[in-house]
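Next comes data-v9.cif, with mmCIF, C-alpha atoms.
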```cif
data_target
loop_
_atom_site.label_atom_id
_atom_site.label_comp_id
_atom_site.auth_asym_id
_atom_site.auth_seq_id
_atom_site.Cartn_x
_atom_site.Cartn_y
_atom_site.Cartn_z
CA MET O 69 27.74 -2.75 0.08
CA ILE O 70 24.70 -2.00 -2.08
CA ASP O 71 25.37 -0.57 -5.51
CA TRP O 72 22.51 1.93 -5.46
CA LYS O 73 23.49 3.34 -8.86
CA SER O 74 22.93 -0.04 -10.53
CA TYR O 75 19.36 -0.06 -9.22
CA ARG O 76 18.83 3.57 -10.16
CA ASP O 77 19.87 2.70 -13.71
CA LEU O 78 16.84 0.38 -13.91
CA TYR O 79 14.66 3.52 -13.97
CA PRO O 80 15.26 5.30 -17.31
CA HIS O 81 13.09 8.28 -16.38
CA THR O 82 15.85 9.47 -14.03
CA THR O 83 17.89 10.68 -17.01
CA ASP O 84 15.58 13.55 -17.94
CA GLN O 85 13.22 14.27 -15.06
CA LEU O 86 12.94 14.26 -11.28
CA TYR O 87 10.00 12.12 -10.27
CA LEU O 88 9.15 12.54 -6.57
CA ASN O 89 5.58 11.28 -6.54
CA HIS O 90 5.56 7.62 -5.48
CA ALA O 91 2.73 8.30 -3.04
CA ALA O 92 0.57 8.79 -6.16
CA ILE O 93 1.79 6.31 -8.76
CA ALA O 94 5.20 4.80 -9.40
CA PRO O 95 7.28 4.55 -12.57
CA MET O 96 8.16 1.24 -14.17
CA ASN O 97 11.65 -0.26 -14.27
CA THR O 98 13.49 -2.14 -16.99
CA ARG O 99 13.42 -5.47 -15.14
CA ALA O 100 9.64 -5.30 -15.13
CA GLN O 101 9.64 -4.20 -18.76
CA GLN O 102 11.79 -7.16 -19.76
CA ALA O 103 9.59 -9.63 -17.88
CA ILE O 104 6.44 -8.22 -19.52
CA MET O 105 8.00 -8.24 -22.98
CA GLU O 106 9.14 -11.85 -22.60
CA PHE O 107 5.63 -12.78 -21.55
CA MET O 108 4.14 -10.95 -24.55
CA LYS O 109 6.56 -12.72 -26.89
CA LEU O 110 5.40 -16.08 -25.57
CA ARG O 111 1.73 -15.13 -25.87
CA LEU O 112 2.27 -13.92 -29.43
CA GLY O 113 3.87 -17.20 -30.46
CA LYS O 114 4.18 -20.75 -29.25
CA HIS O 115 2.63 -20.29 -25.79
CA VAL O 116 -0.63 -18.55 -26.64
CA GLU O 117 -2.51 -20.33 -23.86
CA PHE O 118 0.24 -20.13 -21.20
CA TRP O 119 -2.22 -21.18 -18.51
CA PRO O 120 -0.29 -23.88 -16.59
CA GLU O 121 2.79 -21.63 -16.46
CA ALA O 122 0.62 -18.70 -15.36
CA LEU O 123 -0.59 -20.64 -12.34
CA ASP O 124 3.00 -21.40 -11.35
CA LYS O 125 4.02 -17.77 -11.80
CA LYS O 126 1.08 -16.62 -9.70
CA ALA O 127 1.93 -19.07 -6.90
CA TYR O 128 5.53 -17.84 -6.85
CA PHE O 129 4.34 -14.23 -6.75
CA VAL O 130 2.17 -15.00 -3.73
CA GLU O 131 5.22 -16.51 -2.02
CA LEU O 132 7.10 -13.26 -2.55
CA ILE O 133 4.24 -11.20 -1.12
CA ALA O 134 4.25 -13.46 1.94
CA LYS O 135 7.97 -12.70 2.39
CA LEU O 136 7.19 -9.00 2.11
CA LEU O 137 4.79 -9.26 5.06
CA HIS O 138 6.67 -12.01 6.96
CA VAL O 139 3.62 -14.29 6.91
CA HIS O 140 2.58 -17.62 5.40
CA GLN O 141 1.60 -17.70 1.75
CA ASP O 142 -1.72 -19.43 2.51
CA SER O 143 -2.88 -16.15 4.06
CA ILE O 144 -2.42 -14.12 0.84
CA ALA O 145 -5.03 -13.55 -1.87
CA LEU O 146 -4.64 -11.37 -4.97
CA THR O 147 -7.02 -8.51 -5.69
CA SER O 148 -7.19 -5.65 -8.18
CA ASN O 149 -6.63 -2.78 -5.71
CA THR O 150 -6.87 -1.65 -2.08
CA SER O 151 -10.59 -0.89 -2.22
CA ALA O 152 -11.39 -4.32 -3.64
CA GLY O 153 -9.44 -5.88 -0.82
CA LEU O 154 -11.16 -3.91 1.92
CA ASN O 155 -14.51 -4.90 0.44
CA ILE O 156 -13.54 -8.54 1.00
CA LEU O 157 -13.44 -7.72 4.70
CA ALA O 158 -16.45 -5.41 4.84
CA LEU O 159 -18.73 -7.73 2.88
CA GLY O 160 -17.33 -10.96 4.27
CA LEU O 161 -18.02 -10.44 7.95
CA SER O 162 -21.40 -11.07 9.53
CA TRP O 163 -22.92 -7.83 10.75
CA LYS O 164 -25.93 -7.05 12.88
CA PRO O 165 -27.64 -3.72 13.61
CA GLY O 166 -25.73 -1.84 16.28
CA ASP O 167 -22.29 -3.22 15.40
CA ARG O 168 -19.74 -0.42 15.23
CA ILE O 169 -16.63 0.25 13.15
CA LEU O 170 -13.92 2.66 14.28
CA LEU O 171 -12.24 4.83 11.63
CA ASN O 172 -10.64 8.27 11.59
CA ASN O 173 -11.30 11.39 9.53
CA PHE O 174 -7.82 11.53 8.01
CA GLU O 175 -8.10 8.47 5.77
CA PHE O 176 -8.07 8.14 1.99
CA PRO O 177 -11.65 7.22 0.93
CA SER O 178 -10.62 3.62 0.12
CA ASN O 179 -10.47 2.97 3.85
CA VAL O 180 -13.81 4.61 4.57
CA ILE O 181 -16.35 3.96 1.81
CA PRO O 182 -16.38 0.11 1.99
CA PHE O 183 -17.29 0.38 5.68
CA GLN O 184 -19.75 3.25 5.31
CA ASN O 185 -21.51 1.07 2.76
CA LEU O 186 -22.49 -1.20 5.66
CA GLN O 187 -24.67 1.48 7.25
CA ARG O 188 -27.56 0.09 5.21
CA LEU O 189 -27.32 -2.98 7.48
CA GLY O 190 -27.53 -0.89 10.64
CA VAL O 191 -23.79 -0.79 11.23
CA GLU O 192 -22.62 2.42 12.89
CA ILE O 193 -19.39 4.23 12.00
CA ASP O 194 -17.39 6.16 14.61
CA PHE O 195 -14.70 8.60 13.51
CA VAL O 196 -11.72 9.63 15.58
CA SER O 197 -10.69 13.19 14.68
CA HIS O 198 -7.06 13.70 13.76
CA ARG O 199 -4.99 16.29 15.62
CA ASN O 200 -3.32 18.40 12.93
CA GLY O 201 -2.51 15.33 10.86
CA LYS O 202 -1.78 12.98 13.76
CA ILE O 203 -3.87 10.07 15.02
CA ASP O 204 -3.68 10.01 18.80
CA LEU O 205 -3.72 6.56 20.36
CA GLU O 206 -5.52 7.79 23.46
CA ASP O 207 -8.29 9.18 21.25
CA ILE O 208 -8.64 5.75 19.66
CA LYS O 209 -8.84 4.04 23.04
CA LYS O 210 -11.52 6.46 24.23
CA ALA O 211 -13.58 5.95 21.06
CA ILE O 212 -13.88 2.18 21.49
CA HIS O 213 -17.48 1.27 22.28
CA PRO O 214 -18.73 -2.02 23.77
CA ASN O 215 -20.23 -2.77 20.34
CA THR O 216 -17.10 -1.85 18.36
CA LYS O 217 -16.19 -4.82 16.22
CA LEU O 218 -13.46 -3.55 13.94
CA LEU O 219 -10.78 -0.86 13.72
CA SER O 220 -9.44 0.05 10.28
CA ILE O 221 -6.56 2.47 9.82
CA SER O 222 -3.76 3.20 7.36
CA PHE O 223 -0.21 2.04 7.96
CA VAL O 224 0.83 5.46 6.61
CA GLU O 225 -1.57 8.35 6.13
CA PHE O 226 -1.63 9.53 2.51
CA LEU O 227 -1.70 13.29 3.01
CA ASN O 228 1.28 13.86 5.28
CA GLY O 229 2.97 10.48 5.64
CA TYR O 230 2.06 10.03 9.31
CA ARG O 231 3.22 6.54 10.27
CA ASN O 232 0.78 4.96 12.66
CA ASP O 233 2.08 2.73 15.46
CA MET O 234 1.07 -0.70 14.15
CA LYS O 235 2.35 -2.64 17.15
CA THR O 236 0.50 -0.58 19.74
CA LEU O 237 -2.65 -0.48 17.63
CA GLY O 238 -2.50 -4.25 17.27
CA ASP O 239 -2.17 -4.62 21.03
CA ILE O 240 -5.12 -2.27 21.61
CA CYS O 241 -7.26 -4.32 19.25
CA ARG O 242 -6.35 -7.61 20.93
CA GLU O 243 -7.03 -6.18 24.38
CA ASN O 244 -10.48 -5.03 23.24
CA GLU O 245 -11.22 -8.06 21.03
CA LEU O 246 -11.41 -5.96 17.87
CA ILE O 247 -10.53 -6.98 14.34
CA PHE O 248 -7.47 -4.98 13.30
CA SER O 249 -7.63 -3.93 9.63
CA VAL O 250 -4.86 -2.03 7.83
CA ASP O 251 -4.76 -0.12 4.55
CA ALA O 252 -1.05 -0.54 3.79
CA ILE O 253 -0.63 1.00 0.33
CA GLN O 254 1.30 4.09 1.49
CA GLY O 255 3.77 2.05 3.53
CA LEU O 256 4.57 -1.25 1.85
CA GLY O 257 7.53 -0.96 -0.48
CA ALA O 258 8.94 1.90 1.57
CA LEU O 259 8.77 0.51 5.12
CA ASP O 260 9.22 -2.98 6.46
CA LEU O 261 6.10 -4.37 8.15
CA ASN O 262 5.70 -7.66 9.97
CA ALA O 263 1.96 -8.37 9.83
CA LYS O 264 2.19 -11.28 12.25
CA GLU O 265 4.19 -9.52 14.98
CA THR O 266 1.93 -6.47 14.87
CA ASN O 267 -1.23 -8.60 15.29
CA ILE O 268 -2.78 -7.40 12.03
CA ASP O 269 -5.89 -9.41 11.26
CA PHE O 270 -6.54 -8.07 7.78
CA LEU O 271 -4.38 -6.04 5.43
CA SER O 272 -5.14 -4.68 1.98
CA SER O 273 -2.80 -2.98 -0.46
CA GLY O 274 -2.56 -2.04 -4.09
CA GLY O 275 0.86 -2.21 -5.69
CA HIS O 276 1.10 0.85 -7.92
CA LYS O 277 2.65 3.21 -5.37
CA TRP O 278 5.69 2.29 -3.26
CA LEU O 279 5.77 -1.31 -4.48
CA MET O 280 6.10 0.07 -8.03
CA TRP O 281 3.90 -2.54 -9.72
CA PRO O 282 1.64 -2.01 -12.73
CA ALA O 283 -1.63 -0.40 -11.69
CA GLY O 284 -4.57 -2.74 -11.16
CA LEU O 285 -2.93 -5.41 -9.00
CA GLY O 286 -3.04 -5.74 -5.24
CA PHE O 287 -3.48 -8.27 -2.47
CA VAL O 288 -4.90 -8.96 0.96
CA TYR O 289 -3.52 -10.72 3.99
CA ILE O 290 -6.05 -12.58 6.15
CA SER O 291 -4.76 -13.81 9.48
CA PRO O 292 -5.61 -17.34 10.66
CA ARG O 293 -7.37 -15.70 13.63
CA ILE O 294 -10.21 -14.31 11.50
CA PHE O 295 -10.06 -16.60 8.46
CA ASP O 296 -13.11 -18.63 9.46
CA GLN O 297 -15.08 -15.46 10.21
CA LEU O 298 -14.83 -14.23 6.62
CA TYR O 299 -17.37 -15.36 4.06
CA PRO O 300 -16.33 -14.94 0.40
CA ALA O 301 -19.03 -12.54 -0.74
CA GLN O 302 -17.69 -12.91 -4.27
CA ALA O 303 -16.86 -16.50 -5.17
CA GLY O 304 -16.14 -18.17 -8.48
CA TRP O 305 -14.60 -21.23 -10.04
CA MET O 306 -11.08 -20.30 -8.89
CA SER O 307 -12.37 -20.12 -5.32
CA LEU O 308 -12.91 -23.87 -5.28
CA ASP O 309 -10.55 -26.43 -3.79
CA VAL O 310 -9.97 -28.09 -7.18
CA PRO O 311 -10.90 -25.48 -9.82
CA PHE O 312 -10.30 -27.79 -12.79
CA ASP O 313 -12.79 -30.37 -11.55
CA PHE O 314 -15.33 -28.40 -13.58
CA PHE O 315 -18.57 -30.28 -12.92
CA ASN O 316 -18.04 -30.87 -9.23
CA TYR O 317 -20.18 -27.93 -8.15
CA GLN O 318 -20.55 -29.23 -4.61
CA GLN O 319 -16.86 -29.33 -3.77
CA PRO O 320 -15.59 -27.18 -0.90
CA LEU O 321 -13.90 -23.84 -1.22
CA ALA O 322 -10.11 -23.68 -1.15
CA PRO O 323 -8.83 -24.14 2.40
CA ASN O 324 -6.65 -21.03 2.16
CA ALA O 325 -6.99 -17.39 1.10
CA ARG O 326 -7.32 -18.42 -2.54
CA ARG O 327 -11.05 -18.85 -1.87
CA PHE O 328 -11.28 -15.06 -2.10
CA GLU O 329 -9.99 -15.07 -5.70
CA PRO O 330 -13.08 -15.75 -7.82
CA GLY O 331 -11.59 -15.90 -11.30
CA VAL O 332 -8.77 -15.32 -13.75
CA PHE O 333 -6.06 -12.88 -12.65
CA SER O 334 -3.96 -10.39 -14.60
CA THR O 335 -0.98 -12.51 -15.61
CA ILE O 336 0.79 -9.70 -17.44
CA SER O 337 0.66 -7.53 -14.29
CA ILE O 338 2.03 -10.38 -12.22
CA MET O 339 5.01 -10.72 -14.57
CA GLY O 340 6.06 -7.11 -14.12
CA SER O 341 5.25 -7.06 -10.42
CA THR O 342 7.21 -10.24 -9.73
CA ALA O 343 10.35 -8.82 -11.31
CA THR O 344 10.04 -5.66 -9.22
CA LEU O 345 9.32 -7.47 -5.97
CA GLU O 346 12.26 -9.80 -6.58
CA MET O 347 14.45 -6.71 -6.95
CA MET O 348 13.18 -5.18 -3.70
CA LEU O 349 13.72 -8.38 -1.73
CA GLU O 350 17.16 -8.64 -3.32
CA ILE O 351 18.06 -5.18 -2.01
CA GLY O 352 16.48 -5.98 1.35
CA LEU O 353 13.40 -4.39 2.87
CA ASP O 354 15.42 -3.01 5.77
CA ASN O 355 17.93 -1.40 3.40
CA ILE O 356 15.15 0.20 1.38
CA GLU O 357 13.55 1.55 4.54
CA LYS O 358 16.84 3.05 5.77
CA LYS O 359 17.44 4.71 2.39
CA ILE O 360 13.96 6.17 2.18
CA LEU O 361 13.92 7.40 5.77
CA GLY O 362 17.31 8.98 5.17
CA ASN O 363 15.82 10.91 2.25
CA THR O 364 12.86 11.90 4.41
CA GLN O 365 15.01 13.18 7.25
CA TYR O 366 17.18 15.17 4.85
CA LEU O 367 14.13 16.83 3.30
CA ILE O 368 12.60 17.60 6.68
CA THR O 369 15.82 19.17 7.96
CA GLU O 370 16.43 21.23 4.83
CA LEU O 371 12.84 22.45 4.47
CA ILE O 372 12.74 23.59 8.10
CA GLU O 373 16.06 25.40 7.69
CA ARG O 374 14.64 27.18 4.64
CA GLY O 375 11.67 28.40 6.64
CA TYR O 376 8.94 26.09 5.32
CA LYS O 377 6.23 24.91 7.68
CA LEU O 378 5.76 21.14 7.63
CA TYR O 379 2.52 19.22 7.76
CA THR O 380 4.57 16.06 8.21
CA ASP O 381 5.41 15.00 11.76
CA PRO O 382 9.23 15.28 12.11
CA THR O 383 9.32 12.69 14.91
CA PRO O 384 11.55 9.86 13.56
CA GLU O 385 9.25 6.99 14.52
CA ARG O 386 6.32 8.71 12.80
CA GLN O 387 8.17 9.30 9.52
CA SER O 388 7.61 7.45 6.23
CA GLY O 389 8.51 8.22 2.63
CA ILE O 390 6.19 11.24 2.42
CA VAL O 391 7.05 14.84 3.26
CA THR O 392 4.30 17.47 3.00
CA PHE O 393 4.75 21.19 3.54
CA TYR O 394 2.86 24.44 3.25
CA HIS O 395 3.52 27.15 0.70
CA PRO O 396 1.46 30.34 0.31
CA GLU O 397 1.48 29.83 -3.46
CA ALA O 398 1.30 26.03 -3.51
CA GLU O 399 -0.53 25.69 -6.82
CA ALA O 400 1.87 28.04 -8.58
CA VAL O 401 4.83 26.17 -7.04
CA PHE O 402 3.39 22.87 -8.20
CA ASN O 403 3.07 24.18 -11.76
CA TYR O 404 6.55 25.73 -11.64
CA LEU O 405 8.07 22.42 -10.55
CA LYS O 406 6.18 20.63 -13.31
CA GLU O 407 7.51 23.10 -15.90
CA ASN O 408 11.00 22.25 -14.66
CA ARG O 409 10.35 18.49 -15.01
CA VAL O 410 9.95 17.89 -11.29
CA THR O 411 6.87 15.85 -10.34
CA VAL O 412 5.30 16.13 -6.89
CA SER O 413 1.69 16.21 -5.69
CA LEU O 414 -0.56 19.13 -4.89
CA ARG O 415 -2.77 17.94 -2.05
CA GLU O 416 -5.22 20.07 -0.05
CA GLY O 417 -3.27 23.22 -0.88
CA MET O 418 0.07 21.72 0.16
CA ILE O 419 3.09 20.23 -1.63
CA ARG O 420 3.62 16.51 -1.05
CA VAL O 421 7.02 15.03 -1.93
CA SER O 422 7.64 11.27 -2.01
CA PRO O 423 11.05 10.07 -3.28
CA HIS O 424 11.96 6.37 -3.39
CA PHE O 425 15.07 4.32 -2.66
CA TYR O 426 16.72 5.04 -6.02
CA HIS O 427 16.83 8.75 -5.25
CA ASP O 428 19.92 10.25 -3.65
CA GLN O 429 20.83 13.48 -1.89
CA GLN O 430 21.79 15.08 -5.19
CA ASP O 431 18.19 14.61 -6.41
CA LEU O 432 16.83 16.23 -3.29
CA GLU O 433 19.28 19.11 -3.54
CA LYS O 434 18.09 19.68 -7.11
CA PHE O 435 14.48 19.72 -5.94
CA LEU O 436 15.27 22.20 -3.18
CA LYS O 437 17.17 24.45 -5.58
CA ILE O 438 14.32 24.58 -8.09
CA LEU O 439 11.87 25.15 -5.24
CA GLY O 440 14.03 28.01 -4.00
CA ASP O 441 14.22 29.52 -7.50
CA PHE O 442 10.46 30.04 -7.56
CA LYS O 443 9.76 33.76 -7.46
CA GLY O 444 5.99 33.83 -7.44
#
```

Go through the file and emit its structure as C-alpha cells.
Amino acid sequence: MIDWKSYRDLYPHTTDQLYLNHAAIAPMNTRAQQAIMEFMKLRLGKHVEFWPEALDKKAYFVELIAKLLHVHQDSIALTSNTSAGLNILALGLSWKPGDRILLNNFEFPSNVIPFQNLQRLGVEIDFVSHRNGKIDLEDIKKAIHPNTKLLSISFVEFLNGYRNDMKTLGDICRENELIFSVDAIQGLGALDLNAKETNIDFLSSGGHKWLMWPAGLGFVYISPRIFDQLYPAQAGWMSLDVPFDFFNYQQPLAPNARRFEPGVFSTISIMGSTATLEMMLEIGLDNIEKKILGNTQYLITELIERGYKLYTDPTPERQSGIVTFYHPEAEAVFNYLKENRVTVSLREGMIRVSPHFYHDQQDLEKFLKILGDFKG
C-alpha cells in the first residue's frame, strides 16, 4: 500500500496553493532540495572540485533514466532540453535533397523547428493535419512518401493531452523503414513508456515538466538500430573514448551515446533530478500512471457533467495527465483561478489542467468548486 500522503508532504507548495500546471513546469520537492543543498555544502567547503564524484553521480543518473525507459544505459545521453536533443537527430543524420520528414500540425515547436531547419539542405517537410486535436493513424499512413525518411511525433500532445499510440506508430515506421522519433516531454513522468518494445529509434525529453527536475536538463535515447547512422554534429572532449587522455586528439569517440555529450554537464541539476527520479522509481512508474490517469478520468467525468466541452479525447487509451476544456470566458477564468491561488494554463483560448500523482480527489474537487464559483 503506497502512502501517498508521505509523498505529497515532499511538496511544500501544497499547503497554500493548488498547482495544476505540470504540463508547463513542475514544482521542486524537498528530497531534491536536500540533495542540492548537500551538494552546495560540499562545493563551498572541502570538495570544491568534486569532479570524480560528479562523474559517478552522472553515471548513476543515466542508469536511472535507462530504467525509466526500460532500455540499456549505453543508449542514453544527457542534453539541456528537448530541442537540443532533437537537434542531435536532425543534424546528425545524413540528408540529401528530396528526403522527406513526416510531422503533424499539432506539435509544440520543439518537434518542428529542428526539422524545418533542414529545408536549407533540400529536405522536404510533410505535415499531417490533426482532426480536432487527434492524430489519425490512417492519415499518417497515407502521408508516407517513398522518400520519407523519418517520422517525428509527440508521445503526448501538449495542448490537449492526446496520447499517441506509440506501439502502432513504431510498427508503421518499421514496416515502411522509417526512423521513429519521439518528443516525450509531456508523457514521461506521468505515463510508463517502454522505448524498446515500441520500436522507438530516437527519443528526446526535457525534465522540467512531469519528471519534475530542475529546468535545463534533459536526455535522449538512441536505439542501437540507428546509432551508427548518427554523426555527432557537436563533439567535444567529453565525446571521446578516454576524455582524460588530453593530448590524444586522434582517439575514437566513445562507443556509446556519451559521444553526443560534448562537454561539462550541470552537476547541480543532476543532484536534484536524481533524488526526484529515485523517488518516482521507488513509487513505481505503473503506480504513478494509475494515479494520474485516475485524476484525469475524474476531471473528465466531472467537467462533462457540469456542462463543459472538452478538447481532450475522453477515450481511456488516449488519455494522459492533461485535461483541456473550453470556456467562453477562458482568460477571465484563468485570472480568477490565479487570484484564488489555483495555477493552470491558458492555451489557445482554453483552460489546460495538469495535476500530478501527489494530487488527490479533494484537490480536484477544490478546483471544480472554485471554477464553478466564477461568475463572469

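Taking atom CA of O:Gln297 and atom CA of O:Thr150 as endpoints, the distance between them is 20.2 Å.
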
Selection result of the PyMOL selection byres ((chain O and resi 365) around 10) on this file, as a ChimeraX atom specification: /O:360-364,366-371,382-384,387-389,391

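Atom CA of O:Ile338 is found 24.1 Å from atom CA of O:Pro423.
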
Taking 6 positions as the minimum chain separation for residues in the same chain, which residues sit within 6 Å of stretch 241-249 of chain O when counting only C-alpha atoms? Answer as a VMD selection string. chain O and resid 217 to 220 268 to 271

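Omitting O:Phe295 and its sequence neighbours fewer than 6 positions away, and counting all atoms listed in the file, the residues within 10 Å are Ser143, Asp269, Phe270, Tyr289, Pro323, Asn324 and Ala325 of chain O.
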
Can you tell me, as a VMD selection string, what residues are no more than 9 Å from O:Glu385 when counting all atoms listed in the file, ignoring any on the same chain fewer than 4 positions away? chain O and resid 231 to 233

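The result of the PyMOL selection byres ((chain O and resi 308-312) around 7) on the shown file is Trp305, Met306, Ser307, Asp313, Phe314, Gln319, Pro320, Leu321, Ala322, Pro323 and Arg327 of chain O.
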
With C-alpha atoms kept, could you save the residues just selected as a compact mmCIF listing (two decimals), in the frame of the given file?
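Written output follows (selection.txt):
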```txt
# COMPACT_ATOMS: atom_id res chain seq x y z
CA TRP O 305 -14.60 -21.23 -10.04
CA MET O 306 -11.08 -20.30 -8.89
CA SER O 307 -12.37 -20.12 -5.32
CA ASP O 313 -12.79 -30.37 -11.55
CA PHE O 314 -15.33 -28.40 -13.58
CA GLN O 319 -16.86 -29.33 -3.77
CA PRO O 320 -15.59 -27.18 -0.90
CA LEU O 321 -13.90 -23.84 -1.22
CA ALA O 322 -10.11 -23.68 -1.15
CA PRO O 323 -8.83 -24.14 2.40
CA ARG O 327 -11.05 -18.85 -1.87
```

I need the output of the PyMOL selection byres ((chain O and resi 343) around 10) for this file as a JSON list (two decimals) with C-alpha atoms, in the frame of the given file; which residues are they?
```
[["chain", "number", "residue", "atom", "x", "y", "z"],
["O", 97, "ASN", "CA", 11.65, -0.26, -14.27],
["O", 98, "THR", "CA", 13.49, -2.14, -16.99],
["O", 99, "ARG", "CA", 13.42, -5.47, -15.14],
["O", 100, "ALA", "CA", 9.64, -5.30, -15.13],
["O", 101, "GLN", "CA", 9.64, -4.20, -18.76],
["O", 102, "GLN", "CA", 11.79, -7.16, -19.76],
["O", 103, "ALA", "CA", 9.59, -9.63, -17.88],
["O", 104, "ILE", "CA", 6.44, -8.22, -19.52],
["O", 129, "PHE", "CA", 4.34, -14.23, -6.75],
["O", 281, "TRP", "CA", 3.90, -2.54, -9.72],
["O", 338, "ILE", "CA", 2.03, -10.38, -12.22],
["O", 339, "MET", "CA", 5.01, -10.72, -14.57],
["O", 340, "GLY", "CA", 6.06, -7.11, -14.12],
["O", 341, "SER", "CA", 5.25, -7.06, -10.42],
["O", 342, "THR", "CA", 7.21, -10.24, -9.73],
["O", 344, "THR", "CA", 10.04, -5.66, -9.22],
["O", 345, "LEU", "CA", 9.32, -7.47, -5.97],
["O", 346, "GLU", "CA", 12.26, -9.80, -6.58],
["O", 347, "MET", "CA", 14.45, -6.71, -6.95],
["O", 348, "MET", "CA", 13.18, -5.18, -3.70]]
```

Calculated over all atoms listed in the file, which of the candidates O:Asn215, O:Ser273, O:Thr83, O:Asn179 has the smallest distance to O:Lys164? O:Asn215

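Computed from the coordinates, the atom CA of O:Trp119 to atom CA of O:Gly304 distance equals 17.4 Å.
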
Shell around O:Phe176 at 12 Å using only C-alpha atoms, local window under 6 positions removed, as a PDB file with C-alpha atoms, in the frame of the given file:
```
ATOM      1  CA  ALA O  91       2.730   8.300  -3.040  1.00  0.00           C
ATOM      2  CA  ALA O  92       0.570   8.790  -6.160  1.00  0.00           C
ATOM      3  CA  THR O 150      -6.870  -1.650  -2.080  1.00  0.00           C
ATOM      4  CA  SER O 151     -10.590  -0.890  -2.220  1.00  0.00           C
ATOM      5  CA  PRO O 182     -16.380   0.110   1.990  1.00  0.00           C
ATOM      6  CA  SER O 220      -9.440   0.050  10.280  1.00  0.00           C
ATOM      7  CA  ILE O 221      -6.560   2.470   9.820  1.00  0.00           C
ATOM      8  CA  SER O 222      -3.760   3.200   7.360  1.00  0.00           C
ATOM      9  CA  PHE O 223      -0.210   2.040   7.960  1.00  0.00           C
ATOM     10  CA  VAL O 224       0.830   5.460   6.610  1.00  0.00           C
ATOM     11  CA  GLU O 225      -1.570   8.350   6.130  1.00  0.00           C
ATOM     12  CA  PHE O 226      -1.630   9.530   2.510  1.00  0.00           C
ATOM     13  CA  LEU O 227      -1.700  13.290   3.010  1.00  0.00           C
ATOM     14  CA  ASN O 228       1.280  13.860   5.280  1.00  0.00           C
ATOM     15  CA  GLY O 229       2.970  10.480   5.640  1.00  0.00           C
ATOM     16  CA  ASP O 251      -4.760  -0.120   4.550  1.00  0.00           C
ATOM     17  CA  ALA O 252      -1.050  -0.540   3.790  1.00  0.00           C
ATOM     18  CA  ILE O 253      -0.630   1.000   0.330  1.00  0.00           C
ATOM     19  CA  GLN O 254       1.300   4.090   1.490  1.00  0.00           C
ATOM     20  CA  ARG O 415      -2.770  17.940  -2.050  1.00  0.00           C
TER      21      ARG O 415
END
```

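Nearest to O:Glu265 of all the residues O:Leu161, O:Ile169, O:Ile144, O:Val139 is O:Val139, counting all atoms listed in the file.
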
Could you please give me, as a VMD selection string, the residues of protein, DNA or RNA lying at most 8 Å from (-17.9, -12.3, -4.4) in the coordinate frame of the file, considering only C-alpha atoms? chain O and resid 156 300 to 304 328 330

Next, the residues of the selection above should be written as a PDB file, keeping the file's coordinate frame with C-alpha atoms.
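Written output follows (result05.pdb):
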```
ATOM      1  CA  ILE O 156     -13.540  -8.540   1.000  1.00  0.00           C
ATOM      2  CA  PRO O 300     -16.330 -14.940   0.400  1.00  0.00           C
ATOM      3  CA  ALA O 301     -19.030 -12.540  -0.740  1.00  0.00           C
ATOM      4  CA  GLN O 302     -17.690 -12.910  -4.270  1.00  0.00           C
ATOM      5  CA  ALA O 303     -16.860 -16.500  -5.170  1.00  0.00           C
ATOM      6  CA  GLY O 304     -16.140 -18.170  -8.480  1.00  0.00           C
ATOM      7  CA  PHE O 328     -11.280 -15.060  -2.100  1.00  0.00           C
ATOM      8  CA  PRO O 330     -13.080 -15.750  -7.820  1.00  0.00           C
TER       9      PRO O 330
END
```

Would it be fine to have stretch 73-94 of chain O, with C-alpha atoms, given as a short mmCIF file (atom, residue, chain, number, x, y, z; two decimals), in the first residue's frame?
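Generated output (part_2.cif):
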```cif
data_model
loop_
_atom_site.label_atom_id
_atom_site.label_comp_id
_atom_site.auth_asym_id
_atom_site.auth_seq_id
_atom_site.Cartn_x
_atom_site.Cartn_y
_atom_site.Cartn_z
CA LYS O 73 0.39 11.48 1.79
CA SER O 74 4.06 10.94 2.66
CA TYR O 75 5.00 11.75 -0.94
CA ARG O 76 2.62 14.70 -1.05
CA ASP O 77 4.36 16.09 2.03
CA LEU O 78 7.57 16.34 -0.01
CA TYR O 79 5.91 19.22 -1.92
CA PRO O 80 5.57 22.18 0.49
CA HIS O 81 3.65 24.29 -2.01
CA THR O 82 0.59 22.08 -1.42
CA THR O 83 -0.01 23.79 1.93
CA ASP O 84 -1.05 27.15 0.50
CA GLN O 85 -1.85 26.76 -3.19
CA LEU O 86 -3.27 24.36 -5.77
CA TYR O 87 -0.73 23.87 -8.52
CA LEU O 88 -2.23 22.05 -11.52
CA ASN O 89 0.23 23.02 -14.22
CA HIS O 90 2.80 20.22 -14.61
CA ALA O 91 2.41 20.33 -18.39
CA ALA O 92 4.15 23.73 -18.16
CA ILE O 93 6.75 23.48 -15.40
CA ALA O 94 6.85 21.41 -12.23
#
```
